Amino acid sequence: MNISLFTKKNTTASIWSGGLTYEYVIYPKTANYTDRDFLFRISSATIEKVPSEFTKFKGYYRYLVMLDNCLDIKTNKEKKVYEKYEIMEFNSNDEVTSYTKGIDFNCMVSEKISHHKLKIANSNQNCNAQIIVLYSIDTIVIKINEKSYDLKPHDLLVIENPERENIMLDFSNECLFGLLDF
C-alpha cells in the first residue's frame, strides 16, 4: 500500500478556456494530460468566464463538485442546477456549458477502469479498492488503519492498494471519497 499526499499549495496552475486548472495527480505517473493516455486525473479548476464550455474528453467519465457555489449548467442542452458539494456525473464527451463562476473539484476516469464511484463521506469506511481518493472539503483528520493524516482544505490523499488489502478509514469531518478498481 502506498499513500501520497498532494497539497493545494503545491499545485501549479494551467490555463483552460474558462479559467485555471490545478492538477493534483495524473495516473499512471508516466501519463500525459495532452496525450489523454491517463487512467484517472484529479484536479481543481476555477470557472472565471460565463458562459464556459467544458473541455471534452472522449473515452472518459467525469465527476465534478462545486466547492464554493452552486452550479448552473447545461449538459447536452438540458439545464440543471447542482448545489454546493452536490456531485455531478457525466460523460466527458458531453456538451457542457457552465453559467456559474466558482471553484470545482474534478475527477476524470478512463472507460478502461471497470468500477469507480465518488461520494461525500463523514463516517468510518472499510474498503479494499485498488485506488482510494480522499479530498478534503475543510480541515480534516483522516485515520488510515489507525495512522493519522492532517489535511487542510482542498488537500488530496491517494491510496494505491494493488494487493486490495482491507483498509479502515475514519474521518473527523466530511470529505470527497472516491474508489477506483481496474
# chains A, B, ... in the order shown; residues from 1 in each chain; ligands from 1

$ residues_around --residues "Ala121 of chain A" --least-positions-apart "6" --cutoff "10 Å" --atoms "only C-alpha atoms" --output "PyMOL selection string"
chain A and resi 134+170-171+173-178

$ write_last_selection --atoms "C-alpha atoms" --output "PDB file, in the first residue's frame"
ATOM      1  CA  LEU A 134      -9.766  11.351  -0.265  1.00  0.00           C
ATOM      2  CA  ASP A 170     -12.007   7.250   9.884  1.00  0.00           C
ATOM      3  CA  PHE A 171     -12.874  10.878   9.083  1.00  0.00           C
ATOM      4  CA  ASN A 173     -15.151  15.752   9.020  1.00  0.00           C
ATOM      5  CA  GLU A 174     -16.773  15.409   5.585  1.00  0.00           C
ATOM      6  CA  CYS A 175     -14.588  14.662   2.573  1.00  0.00           C
ATOM      7  CA  LEU A 176     -14.938  13.508  -1.009  1.00  0.00           C
ATOM      8  CA  PHE A 177     -14.351   9.757  -1.047  1.00  0.00           C
ATOM      9  CA  GLY A 178     -13.558   8.016  -4.343  1.00  0.00           C
TER      10      GLY A 178
END

$ residues_around --residues "Asp72 of chain A" --least-positions-apart "3" --cutoff "12 Å" --atoms "only C-alpha atoms" --output "PyMOL selection string"
chain A and resi 47+50-52+66+69+75+78-84+86+88+96-102

$ select_by_dssp --residues "segment 14-130 of chain A" --states "strand (DSSP E or B)" --output "ChimeraX atom specification"
/A:14-16,19-27,40-47,52-53,60-66,71-75,78-82,87-91,96-98,102-110,115-121,125-127

$ write_last_selection --atoms "C-alpha atoms" --output "PDB file, in the first residue's frame"
ATOM      1  CA  SER A  14      -2.566  25.778 -16.163  1.00  0.00           C
ATOM      2  CA  ILE A  15      -4.954  27.691 -18.376  1.00  0.00           C
ATOM      3  CA  TRP A  16      -8.164  26.206 -19.764  1.00  0.00           C
ATOM      4  CA  GLY A  19     -10.152  29.873 -16.195  1.00  0.00           C
ATOM      5  CA  LEU A  20      -7.364  27.993 -14.424  1.00  0.00           C
ATOM      6  CA  THR A  21      -6.900  24.310 -13.617  1.00  0.00           C
ATOM      7  CA  TYR A  22      -4.716  22.867 -10.863  1.00  0.00           C
ATOM      8  CA  GLU A  23      -3.654  19.257 -11.393  1.00  0.00           C
ATOM      9  CA  TYR A  24      -3.170  17.211  -8.219  1.00  0.00           C
ATOM     10  CA  VAL A  25      -2.448  13.822  -9.706  1.00  0.00           C
ATOM     11  CA  ILE A  26      -2.481  12.033 -13.034  1.00  0.00           C
ATOM     12  CA  TYR A  27      -2.263   8.236 -13.086  1.00  0.00           C
ATOM     13  CA  PHE A  40      -7.558   8.978 -13.983  1.00  0.00           C
ATOM     14  CA  ARG A  41      -6.802  12.619 -13.264  1.00  0.00           C
ATOM     15  CA  ILE A  42      -7.777  14.716 -10.264  1.00  0.00           C
ATOM     16  CA  SER A  43      -7.757  18.489 -10.446  1.00  0.00           C
ATOM     17  CA  SER A  44      -9.466  21.620  -9.219  1.00  0.00           C
ATOM     18  CA  ALA A  45     -10.435  24.430 -11.556  1.00  0.00           C
ATOM     19  CA  THR A  46     -11.634  27.976 -11.429  1.00  0.00           C
ATOM     20  CA  ILE A  47     -14.533  28.914 -13.652  1.00  0.00           C
ATOM     21  CA  SER A  52     -17.762  28.465 -20.193  1.00  0.00           C
ATOM     22  CA  GLU A  53     -17.550  25.396 -22.400  1.00  0.00           C
ATOM     23  CA  TYR A  60     -13.639   9.388 -20.071  1.00  0.00           C
ATOM     24  CA  TYR A  61     -16.272   9.672 -17.372  1.00  0.00           C
ATOM     25  CA  ARG A  62     -16.253  12.708 -15.113  1.00  0.00           C
ATOM     26  CA  TYR A  63     -17.195  13.738 -11.595  1.00  0.00           C
ATOM     27  CA  LEU A  64     -17.462  17.440 -10.797  1.00  0.00           C
ATOM     28  CA  VAL A  65     -18.232  19.086  -7.447  1.00  0.00           C
ATOM     29  CA  MET A  66     -18.558  22.827  -6.843  1.00  0.00           C
ATOM     30  CA  LEU A  71     -23.540  25.157 -10.431  1.00  0.00           C
ATOM     31  CA  ASP A  72     -25.938  26.397 -13.112  1.00  0.00           C
ATOM     32  CA  ILE A  73     -25.161  24.187 -16.075  1.00  0.00           C
ATOM     33  CA  LYS A  74     -26.431  22.916 -19.402  1.00  0.00           C
ATOM     34  CA  THR A  75     -25.488  19.360 -20.401  1.00  0.00           C
ATOM     35  CA  GLU A  78     -30.578  20.138 -20.707  1.00  0.00           C
ATOM     36  CA  LYS A  79     -30.454  22.737 -17.935  1.00  0.00           C
ATOM     37  CA  LYS A  80     -29.679  21.672 -14.359  1.00  0.00           C
ATOM     38  CA  VAL A  81     -28.618  23.273 -11.096  1.00  0.00           C
ATOM     39  CA  TYR A  82     -26.313  21.461  -8.664  1.00  0.00           C
ATOM     40  CA  ILE A  87     -21.811  15.553  -7.189  1.00  0.00           C
ATOM     41  CA  MET A  88     -22.372  15.950 -10.923  1.00  0.00           C
ATOM     42  CA  GLU A  89     -21.582  12.857 -13.021  1.00  0.00           C
ATOM     43  CA  PHE A  90     -21.355  12.954 -16.810  1.00  0.00           C
ATOM     44  CA  ASN A  91     -19.714  11.534 -19.901  1.00  0.00           C
ATOM     45  CA  VAL A  96     -21.330  21.002 -21.075  1.00  0.00           C
ATOM     46  CA  THR A  97     -21.718  24.750 -20.577  1.00  0.00           C
ATOM     47  CA  SER A  98     -21.384  26.418 -17.178  1.00  0.00           C
ATOM     48  CA  GLY A 102     -16.559  29.387  -8.911  1.00  0.00           C
ATOM     49  CA  ILE A 103     -14.095  26.682  -7.910  1.00  0.00           C
ATOM     50  CA  ASP A 104     -14.638  22.995  -8.603  1.00  0.00           C
ATOM     51  CA  PHE A 105     -13.203  19.548  -7.929  1.00  0.00           C
ATOM     52  CA  ASN A 106     -12.750  17.332 -11.000  1.00  0.00           C
ATOM     53  CA  CYS A 107     -12.113  13.628 -11.311  1.00  0.00           C
ATOM     54  CA  MET A 108     -11.790  12.206 -14.824  1.00  0.00           C
ATOM     55  CA  VAL A 109     -11.809   8.426 -15.135  1.00  0.00           C
ATOM     56  CA  SER A 110     -10.925   6.399 -18.233  1.00  0.00           C
ATOM     57  CA  HIS A 115     -15.542   0.327 -11.346  1.00  0.00           C
ATOM     58  CA  HIS A 116     -15.485   3.860  -9.960  1.00  0.00           C
ATOM     59  CA  LYS A 117     -17.547   5.909  -7.535  1.00  0.00           C
ATOM     60  CA  LEU A 118     -17.353   9.268  -5.783  1.00  0.00           C
ATOM     61  CA  LYS A 119     -19.415  10.276  -2.760  1.00  0.00           C
ATOM     62  CA  ILE A 120     -19.264  12.516   0.277  1.00  0.00           C
ATOM     63  CA  ALA A 121     -18.333  10.556   3.394  1.00  0.00           C
ATOM     64  CA  GLN A 125     -15.353   3.428   5.903  1.00  0.00           C
ATOM     65  CA  ASN A 126     -13.968  -0.030   5.321  1.00  0.00           C
ATOM     66  CA  CYS A 127     -12.825  -0.754   1.762  1.00  0.00           C
TER      67      CYS A 127
END

$ residues_around --residues "Lys112 of chain A" --least-positions-apart "6" --cutoff "10 Å" --atoms "only C-alpha atoms" --output "JSON, numbers by chain"
{"A": [38, 39, 40, 59, 60, 181, 182]}

$ residues_around --residues "His154 of chain A" --least-positions-apart "6" --cutoff "7 Å" --atoms "only C-alpha atoms" --output "ChimeraX atom specification"
/A:8,135-138

$ closest_residue --among "A:Leu5, A:Ile140, A:Phe57, A:Asn93" --to "Thr34 of chain A" --atoms "only C-alpha atoms"
A:Phe57
